[in-house]
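What follows is the content of start-v9.txt, which has compact mmCIF, C-alpha atoms and all ligand atoms:
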```txt
# COMPACT_ATOMS: atom_id res chain seq x y z
CA MET A 1 -3.73 -54.97 87.66
CA PHE A 2 -6.59 -54.50 90.06
CA GLU A 3 -9.04 -57.21 90.83
CA GLU A 4 -12.22 -56.64 88.97
CA THR A 5 -14.29 -58.73 91.33
CA THR A 6 -15.15 -56.01 93.82
CA MET A 7 -16.78 -52.74 92.94
CA HIS A 8 -16.81 -50.34 95.84
CA ASP A 9 -19.41 -48.10 97.40
CA HIS A 10 -18.39 -44.58 96.42
CA ARG A 11 -20.11 -43.05 99.45
CA LYS A 12 -17.97 -45.04 101.88
CA LEU A 13 -14.76 -44.61 99.89
CA GLY A 14 -15.42 -40.94 99.22
CA ARG A 15 -15.47 -40.29 102.95
CA GLU A 16 -12.53 -42.58 103.77
CA LEU A 17 -10.35 -41.05 101.07
CA ASP A 18 -11.36 -37.47 101.97
CA LEU A 19 -12.83 -36.81 98.52
CA PHE A 20 -16.24 -35.41 99.42
CA ASP A 21 -18.76 -35.31 102.24
CA THR A 22 -22.11 -33.90 103.22
CA ASP A 23 -23.37 -31.98 106.22
CA PRO A 24 -26.98 -31.76 107.38
CA LEU A 25 -26.53 -28.04 107.83
CA ILE A 26 -25.75 -27.58 104.14
CA GLY A 27 -28.47 -30.04 103.27
CA ALA A 28 -29.20 -33.48 101.88
CA GLY A 29 -28.12 -34.04 98.29
CA LEU A 30 -25.71 -31.12 98.43
CA PRO A 31 -22.27 -32.68 98.81
CA TYR A 32 -19.15 -30.57 99.13
CA TRP A 33 -15.76 -31.50 97.69
CA LEU A 34 -12.65 -31.77 99.88
CA PRO A 35 -9.27 -30.78 98.38
CA ASP A 36 -8.43 -34.29 97.09
CA GLY A 37 -11.87 -34.69 95.51
CA ALA A 38 -11.64 -31.18 94.07
CA ALA A 39 -8.29 -32.12 92.47
CA VAL A 40 -9.92 -35.11 90.75
CA ARG A 41 -12.89 -33.05 89.65
CA HIS A 42 -10.79 -30.17 88.39
CA THR A 43 -8.58 -32.53 86.36
CA LEU A 44 -11.64 -34.23 84.89
CA GLU A 45 -13.21 -30.89 83.96
CA GLU A 46 -9.96 -29.75 82.38
CA TYR A 47 -9.78 -32.96 80.33
CA ILE A 48 -13.33 -32.40 79.05
CA ARG A 49 -12.80 -28.73 78.21
CA THR A 50 -9.59 -29.52 76.34
CA ALA A 51 -11.21 -32.38 74.41
CA GLU A 52 -14.10 -30.09 73.51
CA ARG A 53 -11.84 -27.26 72.33
CA ARG A 54 -9.95 -29.74 70.15
CA ALA A 55 -13.23 -30.95 68.67
CA GLY A 56 -14.26 -27.42 67.71
CA TYR A 57 -16.51 -26.53 70.64
CA ARG A 58 -16.50 -23.06 72.15
CA HIS A 59 -17.40 -22.53 75.79
CA VAL A 60 -19.92 -20.17 77.30
CA TYR A 61 -21.12 -19.37 80.82
CA SER A 62 -24.76 -18.89 81.64
CA PRO A 63 -26.58 -18.24 84.92
CA VAL A 64 -28.05 -21.07 86.99
CA LEU A 65 -31.36 -19.21 87.32
CA GLY A 66 -33.85 -18.12 84.74
CA LYS A 67 -37.29 -16.59 84.55
CA ARG A 68 -40.21 -18.95 84.62
CA GLU A 69 -41.15 -17.85 81.08
CA LEU A 70 -37.85 -19.26 79.76
CA TYR A 71 -38.91 -22.75 80.84
CA GLU A 72 -42.47 -22.27 79.69
CA ILE A 73 -41.12 -21.62 76.20
CA SER A 74 -38.65 -24.55 76.31
CA GLY A 75 -41.41 -26.91 77.45
CA HIS A 76 -39.74 -27.80 80.76
CA TRP A 77 -42.51 -26.12 82.70
CA SER A 78 -45.24 -28.31 81.25
CA HIS A 79 -43.24 -31.55 80.82
CA TYR A 80 -40.65 -31.52 83.55
CA SER A 81 -41.91 -29.40 86.48
CA ASP A 82 -42.10 -32.40 88.86
CA ASP A 83 -38.29 -32.44 88.82
CA MET A 84 -37.91 -28.69 89.27
CA PHE A 85 -37.62 -26.69 92.48
CA PRO A 86 -40.56 -24.40 93.16
CA PRO A 87 -40.14 -20.95 91.64
CA MET A 88 -38.91 -18.01 93.73
CA ASP A 89 -41.32 -15.11 93.85
CA LEU A 90 -39.60 -11.79 93.26
CA GLY A 91 -42.74 -9.69 93.20
CA ALA A 92 -43.36 -8.92 89.55
CA GLU A 93 -41.63 -12.06 88.30
CA GLN A 94 -40.74 -15.60 89.21
CA VAL A 95 -37.34 -17.16 88.74
CA VAL A 96 -36.43 -20.83 88.95
CA LEU A 97 -33.25 -22.81 89.49
CA ARG A 98 -32.68 -24.22 86.05
CA PRO A 99 -33.41 -27.90 85.40
CA SER A 100 -31.19 -27.89 82.30
CA LEU A 101 -28.88 -25.66 80.30
CA CYS A 102 -30.60 -26.02 76.93
CA PRO A 103 -32.90 -22.98 77.14
CA HIS A 104 -30.03 -20.66 78.06
CA HIS A 105 -27.96 -21.95 75.16
CA ALA A 106 -30.85 -21.54 72.75
CA VAL A 107 -31.20 -17.91 73.88
CA ILE A 108 -27.44 -17.35 73.52
CA TYR A 109 -27.60 -18.73 69.97
CA ARG A 110 -30.56 -16.48 69.20
CA SER A 111 -28.77 -13.38 70.50
CA ARG A 112 -26.58 -13.14 67.37
CA SER A 113 -27.40 -13.78 63.75
CA HIS A 114 -25.79 -16.82 62.20
CA SER A 115 -24.84 -17.77 58.67
CA TYR A 116 -24.87 -21.34 57.38
CA ARG A 117 -21.07 -20.98 57.18
CA GLU A 118 -20.88 -20.98 61.00
CA LEU A 119 -22.65 -24.31 61.28
CA PRO A 120 -22.21 -26.68 62.95
CA LEU A 121 -21.95 -24.24 65.86
CA ARG A 122 -20.84 -26.18 68.94
CA MET A 123 -21.59 -24.47 72.27
CA ALA A 124 -20.33 -26.12 75.46
CA GLU A 125 -20.60 -25.39 79.16
CA LEU A 126 -19.82 -27.24 82.37
CA GLY A 127 -22.65 -25.65 84.23
CA GLY A 128 -24.83 -25.97 87.29
CA MET A 129 -28.38 -27.27 87.19
CA TYR A 130 -30.81 -28.40 89.86
CA ARG A 131 -33.14 -31.30 90.37
CA PHE A 132 -35.82 -31.54 93.01
CA GLU A 133 -35.08 -35.09 94.18
CA LEU A 134 -37.07 -36.31 97.17
CA SER A 135 -34.92 -36.40 100.31
CA GLY A 136 -35.41 -40.16 100.74
CA VAL A 137 -33.50 -41.05 97.58
CA LEU A 138 -30.55 -38.70 98.08
CA GLY A 139 -27.12 -40.16 98.65
CA GLY A 140 -23.45 -39.73 97.88
CA LEU A 141 -22.74 -38.19 94.50
CA THR A 142 -25.26 -40.14 92.43
CA ARG A 143 -28.51 -38.62 93.66
CA VAL A 144 -27.91 -34.96 94.27
CA ARG A 145 -29.95 -31.78 94.06
CA ALA A 146 -27.18 -29.57 92.65
CA ILE A 147 -25.59 -30.98 89.51
CA GLN A 148 -22.62 -29.83 87.47
CA LEU A 149 -23.36 -30.96 83.95
CA ASN A 150 -20.88 -31.49 81.13
CA ASP A 151 -23.24 -30.17 78.50
CA ALA A 152 -23.10 -28.99 74.92
CA HIS A 153 -25.52 -28.03 72.18
CA ILE A 154 -24.66 -28.24 68.53
CA PHE A 155 -26.74 -26.02 66.26
CA CYS A 156 -26.54 -27.48 62.77
CA THR A 157 -28.36 -28.32 59.57
CA LEU A 158 -30.31 -31.52 59.17
CA ASP A 159 -27.52 -32.89 56.93
CA GLN A 160 -24.94 -32.34 59.66
CA VAL A 161 -26.77 -34.12 62.50
CA ALA A 162 -25.45 -37.63 61.84
CA ASP A 163 -21.80 -36.53 61.66
CA GLU A 164 -22.16 -34.51 64.84
CA ALA A 165 -23.75 -37.43 66.67
CA ARG A 166 -20.94 -39.71 65.44
CA GLY A 167 -18.34 -37.16 66.56
CA ALA A 168 -19.90 -37.09 70.03
CA LEU A 169 -19.86 -40.91 70.25
CA GLU A 170 -16.18 -40.88 69.33
CA MET A 171 -15.44 -38.33 72.09
CA ILE A 172 -17.28 -40.61 74.52
CA ARG A 173 -15.20 -43.59 73.40
CA GLN A 174 -11.94 -41.70 73.88
CA ALA A 175 -12.99 -40.37 77.30
CA TYR A 176 -13.94 -43.85 78.53
CA GLU A 177 -10.58 -45.18 77.40
CA ALA A 178 -8.71 -42.42 79.27
CA LEU A 179 -10.89 -42.86 82.36
CA GLY A 180 -10.56 -46.64 82.36
CA ILE A 181 -14.33 -47.19 82.36
CA THR A 182 -16.52 -49.34 80.15
CA ALA A 183 -20.02 -48.85 78.84
CA ALA A 184 -22.41 -51.57 80.04
CA ARG A 185 -24.61 -51.00 77.01
CA PHE A 186 -25.82 -48.48 74.47
CA ARG A 187 -29.49 -47.61 74.48
CA LEU A 188 -31.72 -45.94 71.94
CA SER A 189 -34.15 -44.17 74.25
CA LEU A 190 -37.59 -43.69 72.73
CA PRO A 191 -40.79 -42.06 73.99
CA GLY A 192 -43.36 -44.05 75.96
CA PRO A 193 -47.13 -44.11 75.88
CA ASP A 194 -47.70 -41.47 78.58
CA GLY A 195 -48.07 -37.75 77.94
CA LYS A 196 -44.60 -36.68 79.07
CA TYR A 197 -43.48 -36.00 75.52
CA VAL A 198 -44.10 -33.16 73.12
CA ALA A 199 -46.65 -34.24 70.54
CA ALA A 200 -45.16 -34.03 67.07
CA PRO A 201 -45.16 -37.50 65.49
CA GLU A 202 -43.31 -36.47 62.32
CA MET A 203 -40.53 -34.85 64.32
CA TRP A 204 -40.09 -37.98 66.47
CA GLN A 205 -39.92 -40.15 63.37
CA ARG A 206 -37.23 -38.04 61.76
CA SER A 207 -35.03 -37.76 64.83
CA THR A 208 -35.41 -41.46 65.69
CA ALA A 209 -34.45 -42.41 62.13
CA LEU A 210 -31.32 -40.25 62.35
CA LEU A 211 -30.13 -41.77 65.63
CA THR A 212 -30.96 -45.30 64.47
CA GLU A 213 -28.82 -44.75 61.39
CA VAL A 214 -25.93 -43.44 63.49
CA LEU A 215 -26.10 -46.46 65.80
CA ASP A 216 -26.46 -48.96 62.97
CA ARG A 217 -23.47 -47.55 61.13
CA SER A 218 -21.36 -47.39 64.31
CA GLY A 219 -21.47 -51.16 64.67
CA LEU A 220 -22.16 -50.74 68.40
CA PRO A 221 -24.65 -53.21 69.86
CA TYR A 222 -27.65 -51.36 71.25
CA GLU A 223 -31.12 -51.90 72.62
CA GLU A 224 -34.23 -49.82 72.23
CA ALA A 225 -35.96 -48.63 75.41
CA GLU A 226 -39.41 -47.08 75.40
CA GLY A 227 -40.23 -44.38 77.93
CA GLU A 228 -36.61 -43.22 78.29
CA ALA A 229 -36.50 -40.36 75.76
CA ALA A 230 -36.13 -36.69 76.69
CA PHE A 231 -39.48 -34.90 76.49
CA TYR A 232 -38.32 -33.12 73.32
CA GLY A 233 -36.63 -35.98 71.47
CA PRO A 234 -35.03 -39.43 71.39
CA LYS A 235 -31.54 -40.11 72.77
CA ILE A 236 -28.59 -42.41 72.48
CA ASP A 237 -27.73 -43.20 76.10
CA VAL A 238 -24.51 -44.78 77.25
CA GLN A 239 -25.25 -46.88 80.32
CA VAL A 240 -22.88 -47.82 83.13
CA VAL A 241 -23.41 -50.14 86.09
CA ASP A 242 -22.51 -49.21 89.68
CA GLY A 243 -21.11 -51.32 92.52
CA ALA A 244 -24.58 -52.54 93.51
CA GLY A 245 -25.42 -53.56 89.92
CA ARG A 246 -27.67 -50.56 89.31
CA GLU A 247 -27.61 -49.16 85.81
CA SER A 248 -27.56 -45.46 85.03
CA THR A 249 -26.96 -43.15 82.11
CA LEU A 250 -23.57 -41.47 82.02
CA SER A 251 -23.31 -40.08 78.50
CA THR A 252 -25.95 -39.05 76.00
CA VAL A 253 -26.49 -37.79 72.46
CA GLN A 254 -29.90 -36.32 71.60
CA VAL A 255 -31.58 -34.86 68.55
CA ASP A 256 -34.03 -32.02 69.10
CA PHE A 257 -36.31 -30.31 66.58
CA HIS A 258 -38.56 -28.97 69.33
CA GLN A 259 -36.53 -26.27 71.07
CA PRO A 260 -35.27 -24.60 67.84
CA GLU A 261 -38.96 -24.25 66.97
CA GLN A 262 -39.96 -22.97 70.42
CA PHE A 263 -37.20 -20.36 70.52
CA ASP A 264 -37.64 -19.50 66.84
CA LEU A 265 -33.97 -20.13 66.04
CA HIS A 266 -32.68 -19.65 62.55
CA TYR A 267 -29.62 -19.25 60.37
CA VAL A 268 -29.23 -17.52 57.04
CA GLY A 269 -28.74 -20.11 54.31
CA ALA A 270 -26.72 -19.92 51.08
CA ASP A 271 -29.97 -18.83 49.44
CA GLY A 272 -30.17 -15.76 51.69
CA ALA A 273 -33.33 -17.07 53.35
CA LYS A 274 -33.90 -18.01 56.99
CA HIS A 275 -33.75 -21.68 57.92
CA ARG A 276 -34.35 -23.57 61.14
CA PRO A 277 -31.29 -25.30 62.69
CA VAL A 278 -31.48 -28.63 64.52
CA MET A 279 -30.14 -28.89 68.09
CA VAL A 280 -27.98 -31.85 69.04
CA HIS A 281 -27.64 -32.12 72.82
CA ARG A 282 -24.71 -34.18 74.00
CA SER A 283 -22.82 -34.97 77.17
CA ILE A 284 -19.53 -36.87 77.25
CA ILE A 285 -19.36 -37.72 80.96
CA GLY A 286 -22.81 -36.56 82.08
CA SER A 287 -22.77 -34.90 85.47
CA VAL A 288 -19.42 -34.46 87.13
CA GLU A 289 -20.91 -35.89 90.34
CA ARG A 290 -22.08 -39.12 88.75
CA ALA A 291 -18.90 -39.49 86.71
CA VAL A 292 -16.66 -39.17 89.77
CA ALA A 293 -18.91 -41.55 91.76
CA HIS A 294 -18.53 -44.09 88.98
CA LEU A 295 -14.76 -43.58 88.79
CA ILE A 296 -14.41 -44.09 92.55
CA GLU A 297 -16.38 -47.33 92.38
CA GLN A 298 -14.71 -48.59 89.23
CA HIS A 299 -11.17 -48.00 90.47
CA GLY A 300 -11.68 -48.43 94.22
CA GLY A 301 -9.99 -45.03 94.64
CA ALA A 302 -6.93 -46.09 92.58
CA PHE A 303 -7.59 -43.53 89.83
CA PRO A 304 -5.64 -43.47 86.57
CA ALA A 305 -2.42 -41.54 87.30
CA TRP A 306 -3.53 -38.42 85.42
CA LEU A 307 -6.64 -38.14 87.64
CA ALA A 308 -5.15 -39.17 90.99
CA PRO A 309 -5.34 -36.51 93.72
CA THR A 310 -1.71 -37.28 94.64
CA GLN A 311 0.21 -38.61 91.67
CA LEU A 312 3.57 -39.14 93.27
CA VAL A 313 4.47 -39.62 96.92
CA ILE A 314 8.06 -38.93 97.93
CA LEU A 315 9.46 -41.21 100.60
CA PRO A 316 12.79 -40.12 102.12
CA ILE A 317 14.21 -43.06 104.05
CA SER A 318 15.61 -40.83 106.82
CA GLU A 319 15.64 -37.19 107.90
CA ALA A 320 18.94 -36.79 106.04
CA GLU A 321 17.16 -37.08 102.66
CA LEU A 322 14.53 -34.43 103.45
CA PRO A 323 16.27 -31.67 101.44
CA ASP A 324 16.41 -33.99 98.41
CA ALA A 325 12.76 -34.85 98.91
CA ALA A 326 11.86 -31.15 99.01
CA ALA A 327 13.87 -30.53 95.83
CA LEU A 328 12.05 -33.39 94.09
CA ALA A 329 8.69 -32.01 95.23
CA ARG A 330 9.59 -28.64 93.70
CA ARG A 331 10.56 -30.24 90.38
CA CYS A 332 7.25 -32.12 90.36
CA ALA A 333 5.32 -28.92 91.00
CA GLU A 334 7.15 -27.21 88.11
CA LEU A 335 6.08 -30.06 85.82
CA GLY A 336 2.49 -29.76 87.03
CA LEU A 337 2.60 -33.09 88.89
CA ARG A 338 0.71 -33.40 92.17
CA ALA A 339 3.37 -34.66 94.60
CA GLU A 340 3.47 -34.99 98.36
CA ILE A 341 6.26 -35.84 100.81
CA ALA A 342 5.61 -38.57 103.38
CA GLU A 343 8.19 -37.69 106.03
CA PRO A 344 10.02 -40.35 108.07
CA GLU A 345 8.25 -39.11 111.21
CA ARG A 346 5.02 -40.55 109.77
CA GLY A 347 6.29 -44.09 110.31
CA SER A 348 8.49 -46.81 108.92
CA LEU A 349 9.08 -46.92 105.17
CA GLY A 350 6.82 -49.98 104.92
CA ALA A 351 4.02 -48.23 106.80
CA ARG A 352 4.32 -45.11 104.65
CA ILE A 353 4.24 -47.20 101.47
CA ARG A 354 1.10 -48.99 102.69
CA GLU A 355 -0.53 -45.68 103.53
CA ALA A 356 0.23 -44.44 100.01
CA ARG A 357 -1.03 -47.63 98.32
CA LEU A 358 -3.48 -45.75 96.07
CA VAL A 359 -0.84 -43.26 94.87
CA PRO A 360 0.33 -44.31 91.39
CA TYR A 361 4.02 -43.46 91.90
CA GLN A 362 6.06 -43.85 95.08
CA ALA A 363 9.56 -42.35 94.92
CA VAL A 364 11.93 -43.74 97.52
CA ILE A 365 15.04 -41.69 98.28
CA GLY A 366 17.82 -43.20 100.41
CA ALA A 367 21.40 -42.01 100.96
CA LYS A 368 22.59 -43.80 97.82
CA GLU A 369 19.92 -42.32 95.55
CA ALA A 370 20.35 -38.86 97.10
CA SER A 371 24.06 -38.72 96.40
CA ALA A 372 23.62 -40.06 92.84
CA GLY A 373 20.73 -37.70 92.00
CA GLU A 374 18.55 -40.73 91.41
CA VAL A 375 15.22 -42.03 92.57
CA ALA A 376 13.91 -45.59 92.98
CA LEU A 377 10.32 -45.68 91.78
CA ARG A 378 7.69 -48.10 93.01
CA LEU A 379 4.48 -48.37 91.04
CA ARG A 380 1.09 -48.78 92.67
CA ASP A 381 0.68 -52.22 91.07
CA GLY A 382 3.72 -53.54 92.95
CA ARG A 383 6.39 -53.16 90.27
CA ARG A 384 9.73 -51.79 91.50
CA LEU A 385 12.00 -50.01 89.07
CA ASP A 386 15.77 -49.70 89.42
CA PRO A 387 17.10 -46.32 90.59
CA ARG A 388 17.23 -43.84 87.68
CA PRO A 389 18.16 -40.18 87.29
CA VAL A 390 15.42 -37.94 88.71
CA GLY A 391 14.96 -36.01 85.46
CA GLU A 392 14.46 -39.18 83.43
CA VAL A 393 11.87 -40.57 85.86
CA LEU A 394 9.88 -37.35 85.99
CA THR A 395 9.90 -36.99 82.20
CA SER A 396 8.49 -40.51 81.81
CA VAL A 397 5.81 -39.96 84.45
CA ALA A 398 4.80 -36.57 83.02
CA ALA A 399 4.57 -38.02 79.49
CA LEU A 400 2.17 -40.78 80.62
CA ILE A 401 0.07 -38.26 82.51
CA ASP A 402 -0.04 -35.81 79.61
CA ALA A 403 -1.18 -38.65 77.35
CA HIS A 404 -4.03 -39.51 79.80
CA SER A 405 -2.69 -43.06 79.80
CA THR A 406 -4.15 -45.70 82.07
CA ASP A 407 -0.75 -47.45 82.06
CA LEU A 408 1.51 -46.68 85.01
CA TRP A 409 4.72 -47.26 83.11
CA ASP A 410 5.76 -47.47 79.51
CA ALA A 411 8.24 -50.34 79.42
CA THR A 412 9.10 -49.54 75.80
CA ALA A 413 10.30 -46.02 76.63
CA ARG A 414 14.06 -45.52 76.60
CA SER A 415 15.74 -47.00 79.63
CA SER A 416 19.03 -46.06 81.21
ZN ZN B 1 -29.69 -29.79 76.30
```
The structure given in the file should be rewritten as structure tokens.
Amino acid sequence: MFEETTMHDHRKLGRELDLFDTDPLIGAGLPYWLPDGAAVRHTLEEYIRTAERRAGYRHVYSPVLGKRELYEISGHWSHYSDDMFPPMDLGAEQVVLRPSLCPHHAVIYRSRSHSYRELPLRMAELGGMYRFELSGVLGGLTRVRAIQLNDAHIFCTLDQVADEARGALEMIRQAYEALGITAARFRLSLPGPDGKYVAAPEMWQRSTALLTEVLDRSGLPYEEAEGEAAFYGPKIDVQVVDGAGRESTLSTVQVDFHQPEQFDLHYVGADGAKHRPVMVHRSIIGSVERAVAHLIEQHGGAFPAWLAPTQLVILPISEAELPDAAALARRCAELGLRAEIAEPERGSLGARIREARLVPYQAVIGAKEASAGEVALRLRDGRRLDPRPVGEVLTSVAALIDAHSTDLWDATARSS
């Protein structure tokens, strides 16, 4: 296992491991992703989308811009404009880079009529949003101006809110287990005394009571924090701690009575009359940028095998085994494994193994293994397995990766 004593700085590691970088010409707070970082991000996004589909969410796409009026209606304009980029003047109208996805999703919901039978209606999107951070605070992937948010809005009845919030917490638990990360604490985020919040005392009471009940029944320890709510409602926030000991919110579950009112959303009830749905906002991993930053720091670049940019490195001992190495690489590609050959010309076997120290699986092929159709696997944690048939090894590796396991090897699986 890894030492838990040192958390790493994701900015330094991100550059060293060729995951992401920034360029002054593109701009501060606007990182770009290199191929290895993009592989991690893509795999993470795929995990989230699959988990959401399984949990009954359906995905949409919506534009990253919207007219100023959209955010006036949602309340962002009056409660959140300090964090928004200035509007772009297009003559007759103004458009803004969106500070959140909620208003678009509310409009999408409103565009079709809905029966109570369709509720809870779970709408998800991994979409872009923008935050006008001051240039002095920008850095790495944690303070950025362009954010890819794992977002979803559940339109439901009041009776369904608690179950939906519980379902979201369970998805968060499962994701953290697969990602090998731990929550530092759970927080019930409440409004503060200043005027940042929409004024509707009865609404705040109802939504706070709902989230309190969900937390109490979950058995999770939590703390209340005033001044941390969204402007439209209270939140359950899942907090993580970075390498420097700074706490931030990764995941969140929120109850919102405000935006359904503002956008005049409704569904047709069993009684044939129109009723107002509640909106549950939730994010499993928060922004992709912050999630990957946290994963880099948590694992020091040694990602769980299913997330690793290179999952298996193939190490032919000499030039003679290159054709076998190429054949193994092809079999990996067919199985969807990300494999790479480290040719003998790149150095001694020991040097190549050291260079690949963050790769979960290292497959050594010598003359003996090549002629027997076998491979001797070394695991990132130092374990060395006896040579086994190639097909058997790849099946075991693919099964662990498909299961999003944080274990590198299943010792209980059938052995030769
Ligand atoms: Zn939202």
Quick one: residues within 9 Å of A:Leu215, all atoms listed in the file counted, chain neighbours fewer than 3 positions away excluded, as a PDB file with C-alpha atoms, in the coordinates of the input?
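Final output, result.pdb:
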```
ATOM      1  CA  ARG A 166     -20.940 -39.710  65.440  1.00  0.00           C
ATOM      2  CA  PHE A 186     -25.820 -48.480  74.470  1.00  0.00           C
ATOM      3  CA  LEU A 188     -31.720 -45.940  71.940  1.00  0.00           C
ATOM      4  CA  LEU A 210     -31.320 -40.250  62.350  1.00  0.00           C
ATOM      5  CA  LEU A 211     -30.130 -41.770  65.630  1.00  0.00           C
ATOM      6  CA  THR A 212     -30.960 -45.300  64.470  1.00  0.00           C
ATOM      7  CA  SER A 218     -21.360 -47.390  64.310  1.00  0.00           C
ATOM      8  CA  GLY A 219     -21.470 -51.160  64.670  1.00  0.00           C
ATOM      9  CA  LEU A 220     -22.160 -50.740  68.400  1.00  0.00           C
ATOM     10  CA  PRO A 221     -24.650 -53.210  69.860  1.00  0.00           C
ATOM     11  CA  TYR A 222     -27.650 -51.360  71.250  1.00  0.00           C
ATOM     12  CA  ILE A 236     -28.590 -42.410  72.480  1.00  0.00           C
TER      13      ILE A 236
END
```
Q: May I ask you to write as a ChimeraX atom specification all residues lying at most 9 Å from ligand ZN 1 (chain B), with only C-alpha atoms and all ligand atoms counted?
A: /A:100-103,105,151-153,254,256,279-283
Q.
Restricting the calculation to all atoms listed in the file: of A:Asp381, A:Asp194, A:Glu133, A:Glu16, which residue gets closest to A:Arg357?
A. A:Asp381
Q: Kindly indicate which residue among A:Glu247, A:Asp237, A:Asp159, A:Glu52 lies nearest to A:Gly286, using only C-alpha atoms for the distances.
A: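 Answer, going by the shortest atom-to-atom distance: A:Asp237.
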Q: Could you please determine the separation between atom CA of A:Pro99 and atom CA of A:Arg11 in Å, to one decimal place?
A: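 That distance, rounded to one decimal, is 24.6 Å.
Here atom CA of A:Cys332 and atom CA of A:Leu312 stand 8.4 Å from one another.
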**Q.** Interatomic distance, atom CA of A:Val390 to atom CA of A:Glu374 (Å, one decimal)
**A.**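 Between atom CA of A:Val390 and atom CA of A:Glu374 the gap is 5.0 Å.
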Since the input is missing atoms, can you rebuild N, CA and C atoms for stretch 201-215 of chain A and write them as a tab-separated table (two decimals), keeping the file's coordinate frame?
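Result file follows (result-v5.tsv):
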```tsv
chain	number	residue	atom	x	y	z
A	201	PRO	N	-45.55	-36.17	65.97
A	201	PRO	CA	-45.16	-37.50	65.49
A	201	PRO	C	-44.11	-37.47	64.37
A	202	GLU	N	-44.23	-36.51	63.45
A	202	GLU	CA	-43.31	-36.47	62.32
A	202	GLU	C	-41.90	-36.15	62.78
A	203	MET	N	-41.82	-35.24	63.76
A	203	MET	CA	-40.53	-34.85	64.32
A	203	MET	C	-39.85	-36.04	65.02
A	204	TRP	N	-40.64	-36.81	65.79
A	204	TRP	CA	-40.09	-37.98	66.47
A	204	TRP	C	-39.59	-39.01	65.47
A	205	GLN	N	-40.33	-39.19	64.40
A	205	GLN	CA	-39.92	-40.15	63.37
A	205	GLN	C	-38.59	-39.77	62.75
A	206	ARG	N	-38.45	-38.49	62.41
A	206	ARG	CA	-37.23	-38.04	61.76
A	206	ARG	C	-36.03	-38.17	62.68
A	207	SER	N	-36.19	-37.73	63.94
A	207	SER	CA	-35.03	-37.76	64.83
A	207	SER	C	-34.68	-39.20	65.21
A	208	THR	N	-35.69	-40.05	65.36
A	208	THR	CA	-35.41	-41.46	65.69
A	208	THR	C	-34.69	-42.13	64.53
A	209	ALA	N	-35.10	-41.81	63.30
A	209	ALA	CA	-34.45	-42.41	62.13
A	209	ALA	C	-32.98	-42.00	62.06
A	210	LEU	N	-32.70	-40.74	62.39
A	210	LEU	CA	-31.32	-40.25	62.35
A	210	LEU	C	-30.44	-40.99	63.36
A	211	LEU	N	-30.94	-41.11	64.60
A	211	LEU	CA	-30.13	-41.77	65.63
A	211	LEU	C	-29.98	-43.27	65.36
A	212	THR	N	-31.03	-43.87	64.81
A	212	THR	CA	-30.96	-45.30	64.47
A	212	THR	C	-29.87	-45.52	63.42
A	213	GLU	N	-29.83	-44.63	62.44
A	213	GLU	CA	-28.82	-44.75	61.39
A	213	GLU	C	-27.41	-44.61	61.96
A	214	VAL	N	-27.25	-43.64	62.87
A	214	VAL	CA	-25.93	-43.44	63.49
A	214	VAL	C	-25.51	-44.70	64.25
A	215	LEU	N	-26.43	-45.26	65.02
A	215	LEU	CA	-26.10	-46.46	65.80
A	215	LEU	C	-25.82	-47.65	64.89
```
